[in-house]
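In what follows, a structure is listed as structure tokens, so that the remarks can point back to it.
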Amino acid sequence: MLNTAARPRRLLAAGAAAASLVLTACGSGIQQSPPATVAPPANTIPTSTQPTNPGPAAKPSSPSSAVDAARVAALPRPSHVVVVVEENHAAANILGSSSAPYINHLARIGASFTRSYAITHPSEPNYVALFSGSQHGLTDDSCPHTYSGANLGSQLRAAGKSFRGYAEGLPRAGYPGCSLGEYARKHVPWTDFANLPGSVNQPLSAFGTHFSRLPTLSFVIPNLAHDMHDGTITQGDQWLRRHLSGYVTWARSHNSLLVLTWDEDDTGHGNLIPTIIVGAHVKAGRYGEHVTHYRMLRTVEALERLAPLGHAAGTSPITDIWTS
């Protein structure tokens, strides 16, 4: 006789056995439809080694390779870029200050970043970071140092472009000394890299007024009296007008740019520093996006179509300030 009462129990047992097989298969990693493998974004660094940038809500942006490539392709291609680095003042000390009329003029006609942060304290590691995407373990203002890694100057030269650094007070081209008068090698990062010849290290007098003869990219470093380190804000502002106003006027109509930034703040404002980009293709305005020395390096590299170096690879280039 058919035992109808036992039938539900057999069905339940069979179901439990099937469920057990499914669970076992899942636990062993067996899947019916494996998920598509997503390639990591190009030009990024592992999360564990991404820089911790100062400032509130600092989150490095690492867009996908396709998005990043499209952004870079849309950037202008400047004929010349000049980077000037001043010293030891917060944005609150400079922007809106009556002691800095020329710098505030540049802020009005250019892109002024209201959330621009230095990387650390003291000065020298910030210069090295801006120039190479890494502090190279440097934590002080000691001198001399010799590094072998890639840097903005070596990148440009490898790409068939040109780089020179101009330092006020440098007694002669290629001078290797750490200091002389108001000249300080700790503010001249290209001197620390063995893969750059001494000829890229030039006195300020070599900058000249024939701006079309400038290299693809230049750094211009005032001496300690004119970079606001030892001197006043007024002295630094007047120096900048005297030495760079001619270039700025020329650059705006000759497809060229000036990048003006500070190495660090006065230690009292969270390392929030002034940073201004002015020149051709720049939309004047105040921009509230998060910027660091690494992101500024990334932007300059993108303008020159160079691969990002070190921690600059963990950021995206600035793309919203350009008219074309």
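Labeling convention for the structure tokens: chains A, B, ... as they appear, residues from 1 per chain, ligands from 1 in order of appearance.
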
Self-check item: helix (DSSP H, G or I) residues, from DSSP on the backbone, in range 61-241 of chain A, as a count of residues only
Solution: 65

Practice problem: May I have the residues within 12 Å of range 101-108 of chain A as an MDAnalysis selection string, using only C-alpha atoms and disregarding those fewer than 5 positions away in the same chain? | Solution: chainID A and resid 84 86 91:96 113:114 233:245 248:249 252 257:261 274:279 282:287

Exercise. For range 131-147 of chain A, please output as a ChimeraX atom specification all residues within 7 Å (counting only C-alpha atoms; exclusion window: fewer than 2 positions along the same chain).
Key: /A:122-125,127-129,149-152,178,186,189,192-194,294,297,309-312

Since we have the selection now, will you write its residues out, keeping N, CA and C atoms, as a compact mmCIF listing (two decimals), in the first residue's frame?
# COMPACT_ATOMS: atom_id res chain seq x y z
N PRO A 122 58.16 71.21 6.73
CA PRO A 122 58.40 72.60 6.32
C PRO A 122 58.44 72.75 4.81
N SER A 123 59.25 73.70 4.32
CA SER A 123 59.22 74.10 2.91
C SER A 123 59.67 73.02 1.94
N GLU A 124 60.88 72.52 2.11
CA GLU A 124 61.55 71.75 1.06
C GLU A 124 60.76 70.55 0.57
N PRO A 125 60.13 69.74 1.44
CA PRO A 125 59.37 68.60 0.92
C PRO A 125 58.24 69.02 -0.03
N TYR A 127 58.34 71.58 -2.22
CA TYR A 127 58.95 71.85 -3.53
C TYR A 127 59.24 70.54 -4.26
N VAL A 128 59.81 69.58 -3.54
CA VAL A 128 60.15 68.30 -4.16
C VAL A 128 58.89 67.57 -4.61
N ALA A 129 57.82 67.64 -3.80
CA ALA A 129 56.55 67.00 -4.15
C ALA A 129 55.95 67.63 -5.39
N GLY A 149 65.06 59.58 -9.29
CA GLY A 149 63.77 59.29 -9.91
C GLY A 149 63.36 60.29 -10.97
N ALA A 150 62.29 59.93 -11.68
CA ALA A 150 61.73 60.81 -12.70
C ALA A 150 61.16 62.07 -12.05
N ASN A 151 61.13 63.13 -12.81
CA ASN A 151 60.64 64.41 -12.32
C ASN A 151 60.11 65.20 -13.52
N LEU A 152 59.52 66.33 -13.24
CA LEU A 152 58.92 67.12 -14.31
C LEU A 152 59.95 67.52 -15.37
N CYS A 178 74.52 75.07 -1.38
CA CYS A 178 73.23 75.06 -0.68
C CYS A 178 72.70 76.46 -0.39
N LYS A 186 67.39 74.84 -1.13
CA LYS A 186 66.25 74.05 -0.65
C LYS A 186 64.96 74.43 -1.35
N PRO A 189 64.17 72.67 -6.43
CA PRO A 189 64.15 71.20 -6.38
C PRO A 189 64.87 70.50 -7.52
N ASP A 192 68.28 68.76 -7.11
CA ASP A 192 68.41 67.52 -6.36
C ASP A 192 68.35 66.27 -7.23
N PHE A 193 68.13 66.42 -8.53
CA PHE A 193 67.92 65.24 -9.38
C PHE A 193 69.11 65.02 -10.31
N ALA A 194 69.72 63.84 -10.17
CA ALA A 194 70.93 63.52 -10.92
C ALA A 194 70.67 63.37 -12.41
N TYR A 294 50.24 68.00 -5.56
CA TYR A 294 50.20 66.83 -6.43
C TYR A 294 49.21 67.05 -7.58
N LEU A 297 50.73 69.45 -10.08
CA LEU A 297 51.68 68.72 -10.93
C LEU A 297 50.93 67.92 -11.98
N LEU A 309 53.25 61.50 -12.43
CA LEU A 309 54.32 60.95 -11.61
C LEU A 309 53.84 60.73 -10.18
N GLY A 310 54.24 59.61 -9.58
CA GLY A 310 54.03 59.38 -8.16
C GLY A 310 52.61 59.63 -7.71
N HIS A 311 52.46 60.42 -6.66
CA HIS A 311 51.15 60.69 -6.09
C HIS A 311 50.27 61.55 -7.00
N ALA A 312 50.86 62.18 -8.00
CA ALA A 312 50.04 62.92 -8.97
C ALA A 312 49.11 61.98 -9.72

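Coordinates place CA of Arg164 in chain A at a distance of 25.9 Å from CA of Ile321 in chain A.
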
Quiz prompt | Spatial neighbours of Ala173 in chain A, max dist 8 Å, only C-alpha atoms, sep filter under 6 positions, as a list in words | solution =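 After dropping sequence-adjacent residues, the list is Gly198, Ser199, Val200, Asn201, Gln202 and Pro203 of chain A.
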
Using only C-alpha atoms, please write the residues we just selected to a file, as a PDB file, in the first residue's frame.
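This went into part37.pdb:
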ATOM      1  CA  GLY A 198      73.490  71.590 -14.350  1.00  0.00           C
ATOM      2  CA  SER A 199      72.606  73.692 -17.398  1.00  0.00           C
ATOM      3  CA  VAL A 200      68.890  73.646 -16.473  1.00  0.00           C
ATOM      4  CA  ASN A 201      69.738  75.564 -13.288  1.00  0.00           C
ATOM      5  CA  GLN A 202      69.915  79.217 -14.328  1.00  0.00           C
ATOM      6  CA  PRO A 203      70.109  82.592 -12.564  1.00  0.00           C
TER       7      PRO A 203
END

Quiz item: Could you write out, as number ranges by chain, all the residues of range 213-250 of chain A that DSSP marks as strand (DSSP E or B)?
Solution: A: 217-221

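Between CA of Trp322 in chain A and CA of Ala90 in chain A the separation is 25.4 Å.
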
Quiz item: Which of these residues is nearest to Pro176 in chain A, using only C-alpha atoms: A:Asn223, A:Thr319, A:Thr191, A:Thr232?
Solution: A:Thr191

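In this comparison, which uses only C-alpha atoms, the residue of A:Leu214, A:Val188, A:Ala118, A:Val220 approaching Gly270 in chain A most closely is A:Ala118.
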
Exercise. Pick out the residues sitting within 8 Å of Asn126 in chain A, and hand them over as a PyMOL selection string; count only C-alpha atoms, and ignore anything fewer than 4 positions along from it in its own chain.
Key: chain A and resi 118-122+130+135+263-264+293

Quiz prompt | Which residue of A:Pro317, A:Gly181, A:Pro78, A:Pro197 approaches Leu224 in chain A most closely, using only C-alpha atoms | solution =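 Looking only at the distances to Leu224 in chain A, the closest residue turns out to be A:Gly181.
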
Quiz item: Given the choices A:Thr267, A:Ser162, A:Thr323, A:Ser256, which gets closest to His89 in chain A if the distance is worked out from only C-alpha atoms?
Solution: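 Counting only C-alpha atoms, the residue closest to His89 in chain A is A:Thr267.
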
Quiz item: Neighbours of Thr299 in chain A within 8 Å (only C-alpha atoms; same-chain residues fewer than 3 positions away dropped), as a ChimeraX atom specification?
Solution: /A:295-296,302-303,316-318

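From CA of Pro76 in chain A back to CA of Leu196 in chain A, the distance works out to 26.9 Å.
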